[in-house]
Every structure is written in C-alpha cells, then in structure tokens.
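J.: The structure follows.
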Amino acid sequence: MIYNNAELLAALASPVRFIGFTAWLLEDGSLKTSYSSNDRIISLTIERIGEDGKFFGYGVCHKLNIKLIDRDRELNITTNNQFMILYSVNYGASSYYSTPVFFITDVYRDEKTNELSITAYDAIYNNASAHTVSELEIESYTLSELVDECAYLLDGIEGVEAYGFSFDNEYVYENGANFDGSETIREVLNSIAEATQSIYYVNSANYLIFRRLSNDSDVDYTIEKSMYIDLDSGANRRLSTITHATELGDNVSATTGVSGSTQYIRNNPLWDLRDDIGDLVDAALDNVGGLTINQFELEWRGIPDLEVGDKIAIATKDGSYVYSYVLNDTLSYDGSLSQSTKWEYVEDESETADNPTNIGDALKQTYARVNKAEK
C-alpha cells in the first residue's frame with residue numbers, strides 16, 4: 001500500500017520535483033553494485049500486468065526494462081543477477097524502496113549505442129511457472145498451509161499477507177486439493193485467489209500479497225487534475241453475479257439482483273469435488289458482490305509508491321471523482337517521471353459460455369470433475 005509519508009507525498013505532488021532512481025544489482029540476494037540516474041541509468045519502465053475482464057482470481061506481475069550506458073564494456077550483468085529499484089525525491093538523502101526483486105531474463109547490448117537493455121520479472125512471473133504441485137512437501141493441508149508452501153518455493157519471498165480477508169484454516173483438504181501434480185505454482189496461486197475472491201502480487205517488501213478489492217476500502221491516493229495529462233473515463237462495471245459452471249449443466253449461481261457483470265468459476269481444484277458449492281458461491285457473493293470498478297485510462301505524473309490494488313480517486317474535468325484500483329499500469333522514467341494507469345472490462349466469450357457446445361469440449365471439461373490425484 002502507498003507509503004503514508006506526508007513530506008514524501010507533498011514532494012511528489014509539487015509543481016517542480018526532482019526524482020532520481022537507483023538500481024541495486026544483486027547476486028544471490030546480496031548487493032553486488034548499484035547504478036543511478038546520475039551515472040549509468042538512461043531510462044527504465046516498470047509494468048504491472050494484470051488481467052482485464054476479471055474482478056478477482058488472478059495475479060499481477062511486475063516487469064522491468066532498464067537501459068544502462070556501458071561505453072567501455074565494463075558492466076558484467078547476467079541472468080544470474082537480480083535488480084531492485086529505489087528512488088529519491090527532491091535531492092533528499094533518503095531513498096525509498098519502490099519495487100520487489102526482479103529476476104533478470106534477458107540482457108541485450110546495442111553495439112552502436114553501447115547501451116545495455118535488460119528485461120527482468122518478479123518472482124510470480126519468473127519462478128511460479130517454474131515449479132509444480134509435485135514439489136509441494138505436504139499432502140494434507142488447509143488453504144493457509146497451501147499458500148505458505150507455495151511461497152516457500154518462490155525465490156525472494158519474505159512471507160505471505162492477506163488484505164481485506166483472512167485465509168480460512170477450518171476446511172482441511174485431507175488428500176490435497178484436486179491437483180494431479182503437473183500444475184504450476186502460478187496455476188495454484190490463481191486457484192487460491194479465485195477461491196478467496198482476491199488478486200495477488202509481490203509487494204515492495206517482497207511479500208506475497210493476496211488482496212480482496214472492496215468498495216468500502218479507503219482511498220489510498222487522490223489524483224487531482226493538476227497531476228494528470230489526459231483522462232479517458234468510461235462506464236463503471238459492477239460485479240452482480242458469480243457462477244460456478246460445470247459441463248454437466250448443474251451450474252450454481254448467486255446474484256445481487258442488480259444488473260451488472262458475471263464472473264465464472266470453472267475447473268478450480270480447490271472447489272472441484274466439494275459438496276458445498278452452493279455455500280461457497282453464496283459466500284463469494286457476500287464477499288465481493290457489488291464490487292464496482294471504473295473503466296479508465298490515465299496519463300499522469302506518477303507516484304512510484306502506489307501498490308497493486310491501491311484504491312484511487314481520480315478528479316474528472318467536471319469536478320467530480322471516479323474510483324478505481326491500480327491493476328494495470330506502466331511507470332516510465334527517462335529523466336522525468338510519468339505513469340500510464342488503466343483498467344478495462346473485456347468480456348471473454350469462453351468464460352461466459354455456461355456449457356460446452358460439442359462432445360470434445362464436454363470430455364475436456366469432464367476432467368475437472370474427476371479426482372485427479374486418484375486418477
């Protein structure tokens with residue numbers, strides 16, 4: 001969540017501001033060297049990549065692209081290294097953490113400009129897809145224990161926290177959830193987020209965060225008209241129905257009774273084979289039914305401290321405010337700082353189809369109702 005420091009926020013909002021960035025180059029988690037915007041850093045972008053069309057049940061990854069000048073070819077940066085990005089404001093002595101650890105995936109040298117262009121991702125993107133359920137060392141577990149085991153497999157994760165809810169420790173998956181062992185940890189995390197009606201991400205302290213969005217949460221930051229360049233604000237999208245859909249046609253839905261959007265839950269290993277689906281769907285609607293997110297696209301001056309899921313109020317040109325959340329955006333630095341933030345509801349036709357239209361789809365979906373662990 002945004003760093004609540006009045007002096008810092010005043011400096012970020014000031015008409016004239018200097019923002020400098022520092023990149024810590026890490027090796028095995030330890031500081032190897034650092035580069036700053038006063039010497040090596042030409043530019044950098046930090047993207048937070050979510051998933052349009054969903055109110056919950058997905059992860060938001062961080063992606064870093066950084067360009068460094070290396071005229072004398074003396075920099076030695078490889079995919080064994082990691083980056084952490086810090087920033088300072090108005091020549092202040094203090095620096096502020098602004099990102100999780102990034103794991104380098106690509107290093108490219110431009111022979112004409114002597115620039116190194118480096119791409120790196122956080123632990124969700126880089127590590128969660130590299131591990132599978134077969135590596136988990138527990139067979140019987142609660143949801144909380146499953147989350148902790150998943151986090152243990154991800155390099156650089158310091159712990160797990162939940163915002164807006166608590167993990168339910170009462171229900172025990174005696175023989176494990178309905179996994180066959182080949183699923184990636186990323187897929188497991190998606191299932192956990194869906195079952196808890198939350199989103200997840202790695203925060204600036206390198207904690208794996210599960211966060212449930214809420215209309216009732218406080219606004220973390222208000223973006224006034226003086227802070228942005230351009231705003232395109234669309235219609236609100238309201239979550240009104242949650243449906244657990246199956247290939248057998250025995251769909252279970254809960255609705256607020258107010259018009260709005262539907263989110264489908266299908267083939268979730270944490271819900272497969274359970275006999276209390278009706279209760280689970282009702283509870284899910286109680287948790288997030290009526291959640292409303294404004295569709296918008298905003299080009300503005302930027303605040304590095306905004307975290308994924310932070311609630312923002314945006315002043316419109318007619319003097320009113322719209323409310324949304326930080327779910328997809330790009331922070332860009334090339335001597336000055338700018339940020340592009342947006343959220344768009346895109347309905348996925350494959351999600352809105354309740355049942356399969358041919359026998360091939362039916363057979364494929366039937367697999368979700370089979371006890372995978374027991375074949």
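Ligands are numbered from 1 in the order shown, residues from 1 within each chain, and chains are lettered A, B, ... in the order they appear in the structure tokens.
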For stretch 52-75 of chain A versus stretch 203-209 of chain A, which residues have an atom no more than 12 Å away, and what is each residue's nearest atom pair and distance in Å rounded to one decimal, using only C-alpha atoms, chain-then-number order, as JSON lines?
T.:
```
{"residue": "A:Tyr58", "atom": "CA", "partner": "A:Ile209", "partner_atom": "CA", "distance": 11.9}
{"residue": "A:Gly59", "atom": "CA", "partner": "A:Ile209", "partner_atom": "CA", "distance": 9.7}
{"residue": "A:Val60", "atom": "CA", "partner": "A:Asn203", "partner_atom": "CA", "distance": 10.3}
{"residue": "A:Cys61", "atom": "CA", "partner": "A:Asn203", "partner_atom": "CA", "distance": 10.2}
{"residue": "A:His62", "atom": "CA", "partner": "A:Asn203", "partner_atom": "CA", "distance": 9.5}
```
J.: I need the alpha helix (DSSP H) residues of stretch 78-320 of chain A per DSSP on the backbone, written as a ChimeraX atom specification.
T.: /A:123-126,143-152,185-195,277-288
J.: What's the separation between atom CA of A:Ser217 and atom CA of A:Val281, in Å to one decimal place?
T.: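 Value for the atom CA of A:Ser217-atom CA of A:Val281 distance: 22.4 Å.
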J.: Go through A:Gly159, A:Tyr264, A:Trp300, A:Arg237 and flag the residue nearest A:Val346, using only C-alpha atoms for the distances.
T.: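 Of A:Gly159, A:Tyr264, A:Trp300, A:Arg237, the one nearest A:Val346, counting only C-alpha atoms, is A:Arg237.
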J.: So what do you get for atom CA of A:Thr243 versus atom CA of A:Leu146, distance-wise?
T.: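 Straight-line distance from atom CA of A:Thr243 to atom CA of A:Leu146 works out to 24.5 Å.
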J.: Of the candidates A:Lys112, A:Arg73, A:His131, A:Arg211, which one gets nearest to A:Glu187 if we count only C-alpha atoms?
T.: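 Using only C-alpha atoms, the shortest distance to A:Glu187 belongs to A:His131.
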J.: For stretch 161-246 of chain A versus stretch 271-275 of chain A, which residues have an atom no more than 12 Å away, and what is each residue's nearest atom pair and distance in Å rounded to one decimal, using only C-alpha atoms, chain-then-number order, as JSON lines?
T.:
```
{"residue": "A:Tyr171", "atom": "CA", "partner": "A:Arg274", "partner_atom": "CA", "distance": 10.8}
{"residue": "A:Val172", "atom": "CA", "partner": "A:Arg274", "partner_atom": "CA", "distance": 11.5}
{"residue": "A:Tyr173", "atom": "CA", "partner": "A:Arg274", "partner_atom": "CA", "distance": 10.0}
{"residue": "A:Asn175", "atom": "CA", "partner": "A:Leu273", "partner_atom": "CA", "distance": 11.9}
{"residue": "A:Gly176", "atom": "CA", "partner": "A:Asp272", "partner_atom": "CA", "distance": 11.4}
{"residue": "A:Ala177", "atom": "CA", "partner": "A:Asp272", "partner_atom": "CA", "distance": 8.0}
{"residue": "A:Asn178", "atom": "CA", "partner": "A:Asp272", "partner_atom": "CA", "distance": 6.4}
{"residue": "A:Phe179", "atom": "CA", "partner": "A:Asp272", "partner_atom": "CA", "distance": 9.6}
{"residue": "A:Ser191", "atom": "CA", "partner": "A:Trp271", "partner_atom": "CA", "distance": 9.0}
{"residue": "A:Ile192", "atom": "CA", "partner": "A:Trp271", "partner_atom": "CA", "distance": 10.0}
{"residue": "A:Glu194", "atom": "CA", "partner": "A:Trp271", "partner_atom": "CA", "distance": 9.9}
{"residue": "A:Ala195", "atom": "CA", "partner": "A:Trp271", "partner_atom": "CA", "distance": 7.5}
{"residue": "A:Thr196", "atom": "CA", "partner": "A:Trp271", "partner_atom": "CA", "distance": 11.0}
{"residue": "A:His244", "atom": "CA", "partner": "A:Trp271", "partner_atom": "CA", "distance": 9.2}
{"residue": "A:Ala245", "atom": "CA", "partner": "A:Asp272", "partner_atom": "CA", "distance": 11.0}
{"residue": "A:Thr246", "atom": "CA", "partner": "A:Asp272", "partner_atom": "CA", "distance": 9.9}
```
J.: Can you work out which one of A:Ile199, A:Asp218, A:Ala235, A:Thr330 has the shortest atom-to-atom distance to A:Glu51, counting only C-alpha atoms?
T.: A:Ile199
J.: Report the closest atom pair, with its distance in Å rounded to one decimal, for each residue of stretch 244-340 of chain A that has an atom no farther than 12 Å from stretch 21-24 of chain A; count only C-alpha atoms, sort by chain and then rising residue number, and write it as a tab-separated table.
T.:
```
residue	atom	partner	partner_atom	distance
A:Pro304	CA	A:Phe21	CA	10.4
A:Ser332	CA	A:Phe21	CA	11.2
A:Tyr333	CA	A:Phe21	CA	8.5
A:Asp334	CA	A:Phe21	CA	10.0
A:Gly335	CA	A:Phe21	CA	9.3
A:Ser336	CA	A:Phe21	CA	10.3
A:Leu337	CA	A:Phe21	CA	10.1
```
J.: Generate a file of the selected residues that holds all heavy atoms, formatted as a PDB file, in the first residue's frame.
T.:
```
ATOM      1  N   PRO A 304       5.570   6.529  -7.579  1.00  0.00           N
ATOM      2  CA  PRO A 304       6.172   5.189  -7.501  1.00  0.00           C
ATOM      3  C   PRO A 304       5.666   4.344  -6.347  1.00  0.00           C
ATOM      4  O   PRO A 304       5.752   3.121  -6.404  1.00  0.00           O
ATOM      5  CB  PRO A 304       7.671   5.493  -7.331  1.00  0.00           C
ATOM      6  CG  PRO A 304       7.854   6.862  -7.883  1.00  0.00           C
ATOM      7  CD  PRO A 304       6.595   7.589  -7.550  1.00  0.00           C
ATOM      8  N   SER A 332       7.207   5.108 -16.156  1.00  0.00           N
ATOM      9  CA  SER A 332       8.312   5.360 -17.086  1.00  0.00           C
ATOM     10  C   SER A 332       9.204   6.471 -16.564  1.00  0.00           C
ATOM     11  O   SER A 332       8.713   7.510 -16.091  1.00  0.00           O
ATOM     12  CB  SER A 332       7.769   5.755 -18.473  1.00  0.00           C
ATOM     13  OG  SER A 332       6.933   4.751 -18.998  1.00  0.00           O
ATOM     14  N   TYR A 333      10.507   6.259 -16.652  1.00  0.00           N
ATOM     15  CA  TYR A 333      11.478   7.265 -16.236  1.00  0.00           C
ATOM     16  C   TYR A 333      12.552   7.422 -17.302  1.00  0.00           C
ATOM     17  O   TYR A 333      13.167   6.447 -17.721  1.00  0.00           O
ATOM     18  CB  TYR A 333      12.142   6.859 -14.906  1.00  0.00           C
ATOM     19  CG  TYR A 333      13.273   7.785 -14.507  1.00  0.00           C
ATOM     20  CD1 TYR A 333      13.002   9.022 -13.930  1.00  0.00           C
ATOM     21  CD2 TYR A 333      14.599   7.437 -14.739  1.00  0.00           C
ATOM     22  CE1 TYR A 333      14.032   9.882 -13.582  1.00  0.00           C
ATOM     23  CE2 TYR A 333      15.632   8.285 -14.388  1.00  0.00           C
ATOM     24  CZ  TYR A 333      15.350   9.517 -13.817  1.00  0.00           C
ATOM     25  OH  TYR A 333      16.368  10.367 -13.485  1.00  0.00           O
ATOM     26  N   ASP A 334      12.736   8.654 -17.761  1.00  0.00           N
ATOM     27  CA  ASP A 334      13.821   8.949 -18.694  1.00  0.00           C
ATOM     28  C   ASP A 334      14.405  10.331 -18.403  1.00  0.00           C
ATOM     29  O   ASP A 334      14.712  11.117 -19.291  1.00  0.00           O
ATOM     30  CB  ASP A 334      13.341   8.863 -20.144  1.00  0.00           C
ATOM     31  CG  ASP A 334      12.186   9.811 -20.441  1.00  0.00           C
ATOM     32  OD1 ASP A 334      11.763  10.540 -19.509  1.00  0.00           O
ATOM     33  OD2 ASP A 334      11.719   9.840 -21.591  1.00  0.00           O
ATOM     34  N   GLY A 335      14.542  10.603 -17.127  1.00  0.00           N
ATOM     35  CA  GLY A 335      14.947  11.924 -16.655  1.00  0.00           C
ATOM     36  C   GLY A 335      13.794  12.604 -15.947  1.00  0.00           C
ATOM     37  O   GLY A 335      13.976  13.343 -14.986  1.00  0.00           O
ATOM     38  N   SER A 336      12.600  12.367 -16.425  1.00  0.00           N
ATOM     39  CA  SER A 336      11.371  12.768 -15.739  1.00  0.00           C
ATOM     40  C   SER A 336      10.509  11.525 -15.575  1.00  0.00           C
ATOM     41  O   SER A 336      10.774  10.481 -16.174  1.00  0.00           O
ATOM     42  CB  SER A 336      10.631  13.849 -16.534  1.00  0.00           C
ATOM     43  OG  SER A 336      10.238  13.337 -17.798  1.00  0.00           O
ATOM     44  N   LEU A 337       9.479  11.657 -14.760  1.00  0.00           N
ATOM     45  CA  LEU A 337       8.652  10.504 -14.413  1.00  0.00           C
ATOM     46  C   LEU A 337       7.242  10.679 -14.957  1.00  0.00           C
ATOM     47  O   LEU A 337       6.647  11.750 -14.862  1.00  0.00           O
ATOM     48  CB  LEU A 337       8.594  10.347 -12.889  1.00  0.00           C
ATOM     49  CG  LEU A 337       7.814   9.142 -12.354  1.00  0.00           C
ATOM     50  CD1 LEU A 337       8.545   7.853 -12.665  1.00  0.00           C
ATOM     51  CD2 LEU A 337       7.607   9.284 -10.846  1.00  0.00           C
TER      52      LEU A 337
END
```
